[in-house]
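Notes to accompany the following structure.
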Amino acid sequence: MRSWPVRPVASRLSMRFEQATSLLRRIGEADGASLGRELFDIASAQVPLEICTVIAYEGGKRAHPLSHAGHLCDKAIVDTISAYVRSFVSLDGIQNVISPARAGATGEPEIWCQRMAIDEIASEHYRTLCYDRPGICERLAILCHYEGQRWLSIKFYRGRQYGPFHDQEIEQLEAFAPLAAHAVRLFYSSYLHQHRLGDVLLCRLNRAFPALSTRERDLVGGILEGRSTSEIAADMGIKEMTLRTYQKRLYRKLGISSQRELLPLCTMS
């Protein structure tokens, strides 16, 4: 298992103009269904692959699938991704890269590669469901920092019939990494604005007020999503009275006096 920052490589990415324009068109699509297919088609034209997945990691170990494609039937890929998200995110080697300390740290590279083979996975259950069953022997992940503790991954999975990646194939995928990472960042930004505007506003507030605690960020997130005080308290596992105390403390820290002033503050931050 090895991780390294993306570096200039000797290999060149061969891509038709039509492929580049098609990839750019997919960035603005709301559901992202075709994004994974475009990435898979471009990469697999250079290197034999079985599956490509695009996943957002939000707050470290929370994984949110965005797109996928491959030679396997769609159900097999979805079942594999679901098993991974449900049970195995914390066991993935990418956790060595997407640490909170590294996210946005000064001088840290923003794009990484992380390589993991099936025999490097300690969990038998993980190996069986996510590698043996779909016929995968290895994967290369391209990881790019987005904002705060958010990371995006493009994972290229190698089918067992092809054997492990060769060094030249790794270089070819690494040559594709900057373009792939940029495309996925743009797509994710558009996705958040269309589907999760509250998250966008919360990120802006975090940048303006970096001293907010995790509890305070959770509280703001609940308010921006329009949930009631009782619902937010239940999600945070605290009493409603305790939540109201947090809320008063939060408003003092933000320099506002009511919930009505919170949204304008987020949009201006």
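We name chains A, B, ... following the order of the structure tokens; residues begin at 1 in each chain, and ligands are numbered from 1 as shown.
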
Selection: 12 Å around Ala33 of chain A, only C-alpha atoms, excl. self and same-chain fewer than 2 positions, as a CSV table (one decimal) with all heavy atoms, in the first residue's frame:
```csv
chain,number,residue,atom,x,y,z
A,23,LEU,N,-16.4,15.3,-21.6
A,23,LEU,CA,-16.2,15.3,-20.2
A,23,LEU,C,-16.6,16.6,-19.6
A,23,LEU,O,-17.2,16.7,-18.5
A,23,LEU,CB,-14.7,15.1,-19.9
A,23,LEU,CG,-14.2,15.1,-18.5
A,23,LEU,CD1,-15.0,14.1,-17.6
A,23,LEU,CD2,-12.7,15.0,-18.3
A,26,ARG,N,-20.3,16.9,-19.0
A,26,ARG,CA,-20.9,16.2,-17.9
A,26,ARG,C,-20.8,16.9,-16.6
A,26,ARG,O,-21.5,16.6,-15.6
A,26,ARG,CB,-20.2,14.8,-17.8
A,26,ARG,CG,-20.2,14.0,-19.1
A,26,ARG,CD,-21.6,13.8,-19.6
A,26,ARG,NE,-21.6,13.0,-20.8
A,26,ARG,CZ,-22.6,12.9,-21.7
A,26,ARG,NH1,-23.7,13.6,-21.4
A,26,ARG,NH2,-22.5,12.1,-22.7
A,27,ILE,N,-19.9,17.8,-16.5
A,27,ILE,CA,-19.7,18.5,-15.2
A,27,ILE,C,-20.9,19.2,-14.7
A,27,ILE,O,-21.2,19.2,-13.5
A,27,ILE,CB,-18.5,19.5,-15.4
A,27,ILE,CG1,-17.2,18.8,-15.5
A,27,ILE,CG2,-18.4,20.5,-14.2
A,27,ILE,CD1,-16.0,19.7,-15.9
A,28,GLY,N,-21.7,19.8,-15.6
A,28,GLY,CA,-22.9,20.5,-15.2
A,28,GLY,C,-24.1,19.7,-15.1
A,28,GLY,O,-25.2,20.2,-14.7
A,29,GLU,N,-24.1,18.4,-15.3
A,29,GLU,CA,-25.2,17.5,-15.2
A,29,GLU,C,-25.6,17.3,-13.7
A,29,GLU,O,-24.7,17.0,-12.9
A,29,GLU,CB,-25.0,16.2,-15.9
A,29,GLU,CG,-24.9,16.3,-17.4
A,29,GLU,CD,-24.8,15.0,-18.1
A,29,GLU,OE1,-24.7,14.0,-17.4
A,29,GLU,OE2,-24.9,15.0,-19.3
A,30,ALA,N,-26.8,17.4,-13.4
A,30,ALA,CA,-27.2,17.3,-12.0
A,30,ALA,C,-27.0,16.0,-11.3
A,30,ALA,O,-26.5,15.9,-10.1
A,30,ALA,CB,-28.7,17.7,-11.9
A,31,ASP,N,-27.2,14.9,-12.0
A,31,ASP,CA,-27.1,13.6,-11.3
A,31,ASP,C,-25.8,12.9,-11.5
A,31,ASP,O,-25.4,12.0,-10.7
A,31,ASP,CB,-28.2,12.6,-11.8
A,31,ASP,CG,-28.1,12.3,-13.3
A,31,ASP,OD1,-27.1,12.8,-14.0
A,31,ASP,OD2,-28.9,11.6,-13.8
A,35,LEU,N,-20.7,11.1,-15.6
A,35,LEU,CA,-19.4,11.6,-15.3
A,35,LEU,C,-18.4,10.4,-15.2
A,35,LEU,O,-17.3,10.4,-15.7
A,35,LEU,CB,-19.4,12.4,-14.0
A,35,LEU,CG,-18.0,12.9,-13.5
A,35,LEU,CD1,-17.4,13.9,-14.5
A,35,LEU,CD2,-18.1,13.5,-12.1
A,36,GLY,N,-18.9,9.4,-14.4
A,36,GLY,CA,-18.0,8.2,-14.2
A,36,GLY,C,-17.7,7.5,-15.5
A,36,GLY,O,-16.6,7.0,-15.7
A,37,ARG,N,-18.7,7.4,-16.4
A,37,ARG,CA,-18.5,6.8,-17.7
A,37,ARG,C,-17.5,7.5,-18.5
A,37,ARG,O,-16.6,6.9,-19.2
A,37,ARG,CB,-19.9,6.8,-18.4
A,37,ARG,CG,-19.8,6.3,-19.9
A,37,ARG,CD,-19.2,5.0,-20.1
A,37,ARG,NE,-19.8,3.9,-19.3
A,37,ARG,CZ,-19.4,2.6,-19.2
A,37,ARG,NH1,-18.2,2.3,-19.8
A,37,ARG,NH2,-20.1,1.8,-18.6
A,38,GLU,N,-17.5,8.9,-18.5
A,38,GLU,CA,-16.5,9.6,-19.3
A,38,GLU,C,-15.1,9.4,-18.7
A,38,GLU,O,-14.2,9.1,-19.5
A,38,GLU,CB,-16.9,11.1,-19.3
A,38,GLU,CG,-18.1,11.5,-20.0
A,38,GLU,CD,-18.1,11.3,-21.5
A,38,GLU,OE1,-16.9,11.3,-22.0
A,38,GLU,OE2,-19.1,11.3,-22.1
A,39,LEU,N,-15.0,9.4,-17.4
A,39,LEU,CA,-13.7,9.2,-16.8
A,39,LEU,C,-13.2,7.8,-17.1
A,39,LEU,O,-12.0,7.5,-17.4
A,39,LEU,CB,-13.8,9.4,-15.3
A,39,LEU,CG,-14.1,10.9,-14.8
A,39,LEU,CD1,-14.4,10.9,-13.3
A,39,LEU,CD2,-12.9,11.8,-15.1
A,53,THR,N,-15.0,4.6,-9.9
A,53,THR,CA,-16.0,5.2,-9.0
A,53,THR,C,-15.6,6.6,-8.7
A,53,THR,O,-14.4,6.9,-8.6
A,53,THR,CB,-16.2,4.4,-7.7
A,53,THR,OG1,-15.0,4.4,-6.9
A,53,THR,CG2,-16.5,2.9,-8.0
A,54,VAL,N,-16.5,7.4,-8.4
A,54,VAL,CA,-16.3,8.8,-7.9
A,54,VAL,C,-17.0,9.0,-6.6
A,54,VAL,O,-18.2,8.8,-6.5
A,54,VAL,CB,-16.8,9.9,-8.9
A,54,VAL,CG1,-16.5,11.3,-8.4
A,54,VAL,CG2,-16.2,9.7,-10.3
A,65,PRO,N,-21.3,8.4,-2.5
A,65,PRO,CA,-21.0,8.1,-3.9
A,65,PRO,C,-21.6,9.1,-4.8
A,65,PRO,O,-22.7,9.6,-4.6
A,65,PRO,CB,-21.7,6.7,-4.1
A,65,PRO,CG,-21.9,6.2,-2.7
A,65,PRO,CD,-22.1,7.4,-1.8
A,66,LEU,N,-20.9,9.5,-5.9
A,66,LEU,CA,-21.3,10.5,-6.8
A,66,LEU,C,-21.6,9.9,-8.2
A,66,LEU,O,-22.5,10.3,-8.9
A,66,LEU,CB,-20.3,11.6,-7.0
A,66,LEU,CG,-20.0,12.4,-5.7
A,66,LEU,CD1,-18.9,13.4,-5.9
A,66,LEU,CD2,-21.3,13.2,-5.3
A,67,SER,N,-20.7,8.9,-8.6
A,67,SER,CA,-20.9,8.4,-10.0
A,67,SER,C,-20.0,7.1,-10.1
A,67,SER,O,-19.1,6.9,-9.3
A,67,SER,CB,-20.4,9.4,-11.0
A,67,SER,OG,-20.7,9.0,-12.3
A,68,HIS,N,-20.4,6.3,-11.1
A,68,HIS,CA,-19.6,5.1,-11.3
A,68,HIS,C,-19.8,4.6,-12.7
A,68,HIS,O,-20.7,5.0,-13.4
A,68,HIS,CB,-20.0,4.0,-10.3
A,68,HIS,CG,-21.5,3.6,-10.5
A,68,HIS,ND1,-22.5,4.2,-9.8
A,68,HIS,CD2,-22.1,2.6,-11.3
A,68,HIS,CE1,-23.7,3.6,-10.2
A,68,HIS,NE2,-23.4,2.7,-11.1
A,69,ALA,N,-18.9,3.7,-13.2
A,69,ALA,CA,-19.0,3.1,-14.5
A,69,ALA,C,-18.1,1.9,-14.5
A,69,ALA,O,-17.2,1.7,-13.6
A,69,ALA,CB,-18.7,4.0,-15.6
A,74,ASP,N,-24.5,-2.9,-13.9
A,74,ASP,CA,-24.6,-1.8,-12.9
A,74,ASP,C,-25.0,-2.2,-11.5
A,74,ASP,O,-24.5,-1.7,-10.6
A,74,ASP,CB,-25.7,-0.8,-13.5
A,74,ASP,CG,-25.8,0.5,-12.7
A,74,ASP,OD1,-24.8,1.3,-12.9
A,74,ASP,OD2,-26.7,0.7,-12.0
A,187,PHE,N,-17.6,19.4,-10.9
A,187,PHE,CA,-18.9,18.7,-10.8
A,187,PHE,C,-19.4,18.8,-9.4
A,187,PHE,O,-20.6,19.0,-9.2
A,187,PHE,CB,-18.8,17.2,-11.2
A,187,PHE,CG,-20.0,16.4,-10.9
A,187,PHE,CD1,-21.1,16.5,-11.6
A,187,PHE,CD2,-20.0,15.6,-9.7
A,187,PHE,CE1,-22.3,15.8,-11.3
A,187,PHE,CE2,-21.1,15.0,-9.4
A,187,PHE,CZ,-22.3,15.0,-10.1
A,191,TYR,N,-22.9,20.2,-8.0
A,191,TYR,CA,-23.8,19.3,-7.3
A,191,TYR,C,-24.2,19.9,-6.0
A,191,TYR,O,-25.4,19.8,-5.6
A,191,TYR,CB,-23.1,17.9,-7.1
A,191,TYR,CG,-23.8,17.0,-6.2
A,191,TYR,CD1,-24.8,16.2,-6.7
A,191,TYR,CD2,-23.5,16.9,-4.9
A,191,TYR,CE1,-25.5,15.3,-5.9
A,191,TYR,CE2,-24.2,16.0,-4.0
A,191,TYR,CZ,-25.1,15.2,-4.5
A,191,TYR,OH,-25.8,14.4,-3.7
```

Write out as number ranges by chain each polymer residue whose atoms come within 9 Å of Asn96 of chain A, counting only C-alpha atoms; drop sequence neighbours fewer than 3 positions from it.
-> A: 3, 92-93, 99, 114

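Proximity ranking of A:Arg207, A:Arg217, A:His145, A:Arg2 relative to Ala117 of chain A places A:Arg2 first, based on only C-alpha atoms.
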
Each residue of segment 125-151 of chain A with at least one atom at most 12 Å from segment 5-22 of chain A should appear once, together with its nearest atom pair and the corresponding distance in Å (one decimal); atoms considered: only C-alpha atoms; ordering: chain, then increasing residue number; output as a tab-separated table.
```
residue	atom	partner	partner_atom	distance
A:Ala141	CA	A:Val6	CA	11.1
A:Ile142	CA	A:Val6	CA	8.5
A:Leu143	CA	A:Pro5	CA	9.3
A:Cys144	CA	A:Val6	CA	9.9
A:His145	CA	A:Pro5	CA	11.8
```

Export, as an mmCIF file, in the first residue's frame, the selected residues with N, CA and C atoms.
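What follows is the written file part28.cif:
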```cif
data_model
loop_
_atom_site.group_PDB
_atom_site.id
_atom_site.type_symbol
_atom_site.label_atom_id
_atom_site.label_comp_id
_atom_site.auth_asym_id
_atom_site.auth_seq_id
_atom_site.Cartn_x
_atom_site.Cartn_y
_atom_site.Cartn_z
ATOM 1 N N ALA A 141 -6.306 5.047 -6.514
ATOM 2 C CA ALA A 141 -7.203 6.157 -6.183
ATOM 3 C C ALA A 141 -6.491 7.475 -6.450
ATOM 4 N N ILE A 142 -7.184 8.381 -7.127
ATOM 5 C CA ILE A 142 -6.745 9.766 -7.271
ATOM 6 C C ILE A 142 -7.554 10.571 -6.268
ATOM 7 N N LEU A 143 -6.882 11.254 -5.368
ATOM 8 C CA LEU A 143 -7.540 11.949 -4.263
ATOM 9 C C LEU A 143 -7.234 13.435 -4.340
ATOM 10 N N CYS A 144 -8.268 14.252 -4.298
ATOM 11 C CA CYS A 144 -8.036 15.699 -4.337
ATOM 12 C C CYS A 144 -8.802 16.357 -3.208
ATOM 13 N N HIS A 145 -8.151 17.321 -2.566
ATOM 14 C CA HIS A 145 -8.790 18.073 -1.488
ATOM 15 C C HIS A 145 -9.785 19.041 -2.092
#
```

For Arg25 of chain A, which residue among A:Asp79, A:Ala183, A:Arg62, A:Gly135 is the nearest when counting only C-alpha atoms?
-> A:Ala183

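For the pair atom CA of Val78 of chain A and atom CA of Gln172 of chain A, the separation is 26.6 Å.
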
Write down as JSON, numbers by chain the residues belonging to segment 65-209 of chain A that are assigned helix (DSSP H, G or I) by DSSP computed on the backbone.
-> {"A": [74, 75, 76, 77, 78, 79, 80, 81, 82, 83, 84, 85, 86, 87, 88, 89, 90, 91, 93, 94, 95, 96, 118, 119, 120, 124, 125, 126, 127, 128, 129, 130, 131, 132, 160, 161, 162, 167, 168, 169, 170, 171, 172, 173, 174, 175, 176, 177, 178, 179, 180, 181, 182, 183, 184, 185, 186, 187, 188, 189, 190, 191, 192, 193, 194, 195, 197, 198, 199, 200, 201, 202, 203, 204, 205, 206, 207, 208]}

Apply DSSP to the structure's backbone, then extract all residues of segment 63-182 of chain A labelled strand (DSSP E or B) and return them as JSON, numbers by chain.
-> {"A": [63, 64, 65, 66, 67, 68, 69, 70, 111, 112, 113, 114, 115, 116, 117, 136, 137, 138, 139, 140, 141, 142, 143, 144, 145, 150, 151, 152, 153, 154, 155, 156, 157, 158, 159]}

Residues from last step as file, C-alpha atoms, as a short mmCIF file (atom, residue, chain, number, x, y, z; two decimals), in the first residue's frame:
```
data_model
loop_
_atom_site.label_atom_id
_atom_site.label_comp_id
_atom_site.auth_asym_id
_atom_site.auth_seq_id
_atom_site.Cartn_x
_atom_site.Cartn_y
_atom_site.Cartn_z
CA ALA A 63 -18.45 8.56 2.07
CA HIS A 64 -20.98 9.84 -0.47
CA PRO A 65 -21.01 8.10 -3.90
CA LEU A 66 -21.33 10.49 -6.85
CA SER A 67 -20.86 8.39 -9.99
CA HIS A 68 -19.60 5.05 -11.31
CA ALA A 69 -19.02 3.05 -14.49
CA GLY A 70 -17.34 -0.14 -15.62
CA ILE A 111 -3.80 15.82 -5.46
CA TRP A 112 -2.54 12.41 -4.32
CA CYS A 113 -2.35 8.89 -5.66
CA GLN A 114 -2.96 5.90 -3.41
CA ARG A 115 -2.43 2.33 -4.56
CA MET A 116 -3.83 -0.74 -2.81
CA ALA A 117 -3.73 -4.42 -3.84
CA ILE A 136 -10.75 -6.93 -8.64
CA CYS A 137 -7.07 -7.41 -7.85
CA GLU A 138 -5.91 -3.81 -7.31
CA ARG A 139 -7.03 -0.18 -7.42
CA LEU A 140 -5.45 3.22 -7.87
CA ALA A 141 -7.20 6.16 -6.18
CA ILE A 142 -6.75 9.77 -7.27
CA LEU A 143 -7.54 11.95 -4.26
CA CYS A 144 -8.04 15.70 -4.34
CA HIS A 145 -8.79 18.07 -1.49
CA ARG A 150 -13.83 17.24 2.23
CA TRP A 151 -11.91 15.07 -0.21
CA LEU A 152 -12.93 13.68 -3.59
CA SER A 153 -11.75 10.37 -5.01
CA ILE A 154 -11.61 8.88 -8.49
CA LYS A 155 -10.83 5.19 -8.09
CA PHE A 156 -9.71 3.01 -10.97
CA TYR A 157 -10.11 -0.72 -10.27
CA ARG A 158 -8.03 -3.34 -12.05
CA GLY A 159 -9.74 -6.59 -13.06
#
```

With only C-alpha atoms as the basis for distance, which of A:Leu129, A:Leu49, A:Ala122, A:Ala43 is at the shortest distance from Ala83 of chain A?
-> A:Leu129

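Here atom CA of Ile98 of chain A and atom CA of Pro164 of chain A stand 24.2 Å from one another.
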
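The spacing separating atom CA of Thr80 of chain A from atom CA of Cys130 of chain A amounts to 5.4 Å.
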
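Among the candidate residues A:Asp41, A:Ile55, A:Arg127, A:Ile121, the one lying nearest to Ala181 of chain A is A:Ile55, with distances computed using only C-alpha atoms.
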
Counting only C-alpha atoms, which of A:Gly32, A:Gly148, A:Pro178, A:Gly198 gets nearest to Tyr57 of chain A?
-> A:Gly148

Do a neighbour search on Leu202 of chain A at 12 Å with only C-alpha atoms, toss out local chain neighbours closer than 5 positions, and write the hits as a count of residues only.
-> 30
